[in-house]
Amino acid sequence: MFRSNNVTARIFERQISSPAPGTSVHCARRFYENIVPCHTIFDIECPDILFRKFSDDGQYLITFSRNHQDLVVYRPTWLSYSCREQDCPDHDLPSKANKFESFFTQLYSVTLACSGELICKDFFLYSEKNQFGIFASSTAQIHDAPAVGGAIQGIPSIEKITFHLVRLEDGVILDERVFCNDYINLAHSMGVFLYDDLVAIVSLRYQRIHILQIRDSGNLVDVRSIGEYCREDDELFLNSSTQCMSIPGRNRNHNVGNGPDHTNQMPEGSFLSGLKQRLLSFIFRGIWNEEDDPTMRMQCLKKKFYFHFQDYADLVIWKVQFLDRHHLLIKFGSVDGGVARNTDNHPAFFAVYNMETTEIISFYQNSADELYTLFELFCDHFHSSSKNSFYMNFLSTHSNNIHALEQLRCNKNKASSLPQFVKKMLSTLPFNCQSQSPSPYFDHSLFRYDDKLISATDRHRQSTDHPIKFISRRQPNILKFKIKPGPESGNADTRTKKISSFLFHPILPLAISVQQTLFLQPAVMKILKRI
């Protein structure tokens, strides 16, 4: 570890010594203790846009027009100016420093939404390999839509949902995928997960998991659909079986008592879905293997399986994430919880599903101690990142950072009820895709900050009048920099509820702070940078 706070001494130390194997990136990130966004520029003249986030490689700043119709992409630049006097640090910045264009260059503006659609401002997924962006637009929700065509009762409907695959280099729309009269949770990308070149889209209304592949050519290709059927030929097999049973004379017992013109057709909804059948079979086999005695086995099945059979059969898919290219983590729950904003009070279950073998690997309730232990020890595996994404491999979690683990165990010891604490922690699974910032300033090994006010998680937070402090982890009494969410003079109206969002660049000492109210008042924007 470096012994000096001086950046020159650290550079010299880097030249004469080599880090331990596998720690070169972590050692390099320690330089961010010296290079922090310590200067705040207030009252930025900003265009009327909605900020989303930086791309994971820092190449693009994603924003949307205020009318939710256009995608506006900027390239981060750096303010440069010269000073000939001796006391340059004491001089004010030039007037152009208050302009948004001094820090970001607009690349293009392209219209995505049309025909009554609006862009979902909380949805954006980035494929770093090809620098493709996935965006979504949709029409308004219909809350009392009838459940027809196999839809689930109680799930809203959206007349049209469109996913746009955009090449961020020049704004060309490469491909689109449209879902009609469906419901996909687009808020914070909850219903969509991207892993390498695979995309999982969860249809809550029809209980299907659509697996798509992003080709290098920029096409979205269907890989499989999981739900009603699990294998590609399941539907063909069932339809062939139905046709064979309906042929007269093929089955002699078929027409007994039904008349000569009757054909046996499967009524809609007569079978559980293929995924649900595999789930129930896994639960049944697990309970069956618990007891060797036939009498005890039947009693155990009655209590644990048959008594709860309808509860298991009524489970619906809430969320999905990739664990790797072959395994999915699927969250099940009640219909009400699938569309609720807060699912903490709803019972939930987790299943690991192998897409290749179509088997359920494991099944847990959201209060299972075994799953929580896996979550605590191997949290990085739940933050499944693409092999092409370099920066996302250094997120601080309690399985790779001793300080985050200490904070988790401290909260665990303070909890009044351990089962409730386990449920609260597991309620975050599956994680939303690309929901955390890879900025080194959120590294718990480098900085200490209040997680209630700011964190790496992409979320709006209630604004506070107190500055958010980033304190050195190695020197606990040294304040490195601070963020004041509101205007420079403070908030005059303390009664109005304000929310703040923070966009940190994944590499540069650059951050954007945006404070806004719920009444469409002008947003207060600041830029934090290194001088």
# chains A, B, ... in the order shown; residues from 1 in each chain; ligands from 1
$ residues_around --residues "segment 199-216 of chain A" --least-positions-apart "6" --cutoff "10 Å" --atoms "only C-alpha atoms" --output "PyMOL selection string"
chain A and resi 125+127+129-130+132+134+147-158+165+175+177+179+181-186+189-193+222-230+273+275+316-322+328+330+335+338-339+355
$ residues_around --residues "segment 382-384 of chain A" --least-positions-apart "2" --cutoff "10 Å" --atoms "only C-alpha atoms" --output "list of chain:residue names"
A:Leu194, A:Tyr195, A:Asp196, A:Gln321, A:Phe322, A:Leu323, A:Asp324, A:Leu329, A:Leu374, A:Phe375, A:Phe378, A:Cys379, A:Asp380, A:Ser386, A:Lys387, A:Met392, A:Asn393, A:Leu395, A:Thr397, A:Leu429, A:Pro430, A:Phe431, A:Asn432, A:Cys433, A:Gln434, A:Ser435, A:Gln436
$ closest_atom_pairs --of "segment 322-368 of chain A" --to "segment 276-284 of chain A" --cutoff "9 Å" --atoms "only C-alpha atoms" --output "CSV"
residue,atom,partner,partner_atom,distance
A:Ala351,CA,A:Leu279,CA,8.1
A:Thr358,CA,A:Arg278,CA,8.1
A:Glu359,CA,A:Arg278,CA,6.8
A:Ile360,CA,A:Leu279,CA,6.3
A:Ile361,CA,A:Phe282,CA,8.2
A:Ser362,CA,A:Phe282,CA,8.1
A:Phe363,CA,A:Ile283,CA,7.7
$ select_by_dssp --residues "segment 291-524 of chain A" --states "strand (DSSP E or B)" --output "ChimeraX atom specification"
/A:316-322,327-333,348-354,359-365,436,447-448,457,461-462,468-472,479-483,498-504,510-517,524
$ closest_atom_pairs --of "segment 439-518 of chain A" --to "segment 46-63 of chain A" --cutoff "10 Å" --atoms "only C-alpha atoms" --output "tab-separated table"
residue	atom	partner	partner_atom	distance
A:Ser439	CA	A:Asp56	CA	9.2
A:Asp458	CA	A:Lys53	CA	8.6
A:Ser501	CA	A:Phe51	CA	9.1
A:Phe502	CA	A:Lys53	CA	8.9
A:Leu503	CA	A:Lys53	CA	6.0
A:Phe504	CA	A:Phe54	CA	7.4
A:His505	CA	A:Gly58	CA	6.0
A:Pro506	CA	A:Gly58	CA	5.7
A:Ile507	CA	A:Gly58	CA	6.6
A:Leu508	CA	A:Gly58	CA	8.2
A:Ala511	CA	A:Phe54	CA	9.9
A:Ile512	CA	A:Phe51	CA	9.4
A:Val514	CA	A:Phe51	CA	8.5
$ atom_distance --atom1 "atom CA of Val73 of chain A" --atom2 "atom CA of Phe100 of chain A"
13.3 Å
$ closest_residue --among "A:Ser416, A:Gln69, A:Thr23, A:Ser437" --to "Arg459 of chain A" --atoms "only C-alpha atoms"
A:Ser437
$ select_by_dssp --residues "segment 314-389 of chain A" --states "alpha helix (DSSP H)" --output "PyMOL selection string"
chain A and resi 335-338+369-377+379-382
$ residues_around --residues "Ala113 of chain A" --least-positions-apart "5" --cutoff "8 Å" --atoms "only C-alpha atoms" --output "list in words"
His68, Gln69, Asp70, Leu118, Ile119, Ser137 and Ser138 of chain A
$ write_last_selection --atoms "N, CA and C atoms" --output "PDB file, in the first residue's frame"
ATOM      1  N   HIS A  68     -40.283  13.191 -24.159  1.00  0.00           N
ATOM      2  CA  HIS A  68     -40.161  11.731 -24.188  1.00  0.00           C
ATOM      3  C   HIS A  68     -40.306  11.159 -25.604  1.00  0.00           C
ATOM      4  N   GLN A  69     -39.808  11.896 -26.576  1.00  0.00           N
ATOM      5  CA  GLN A  69     -39.878  11.435 -27.961  1.00  0.00           C
ATOM      6  C   GLN A  69     -38.508  11.140 -28.551  1.00  0.00           C
ATOM      7  N   ASP A  70     -37.481  11.881 -28.151  1.00  0.00           N
ATOM      8  CA  ASP A  70     -36.180  11.821 -28.812  1.00  0.00           C
ATOM      9  C   ASP A  70     -35.098  11.324 -27.867  1.00  0.00           C
ATOM     10  N   LEU A 118     -44.320   6.824 -25.798  1.00  0.00           N
ATOM     11  CA  LEU A 118     -43.396   7.672 -25.066  1.00  0.00           C
ATOM     12  C   LEU A 118     -42.181   6.847 -24.680  1.00  0.00           C
ATOM     13  N   ILE A 119     -41.022   7.477 -24.701  1.00  0.00           N
ATOM     14  CA  ILE A 119     -39.804   6.783 -24.284  1.00  0.00           C
ATOM     15  C   ILE A 119     -39.838   6.561 -22.777  1.00  0.00           C
ATOM     16  N   SER A 137     -39.887   2.164 -25.673  1.00  0.00           N
ATOM     17  CA  SER A 137     -40.987   3.130 -25.725  1.00  0.00           C
ATOM     18  C   SER A 137     -42.297   2.348 -25.648  1.00  0.00           C
ATOM     19  N   SER A 138     -43.335   2.997 -25.147  1.00  0.00           N
ATOM     20  CA  SER A 138     -44.600   2.283 -24.971  1.00  0.00           C
ATOM     21  C   SER A 138     -45.749   3.274 -24.939  1.00  0.00           C
TER      22      SER A 138
END
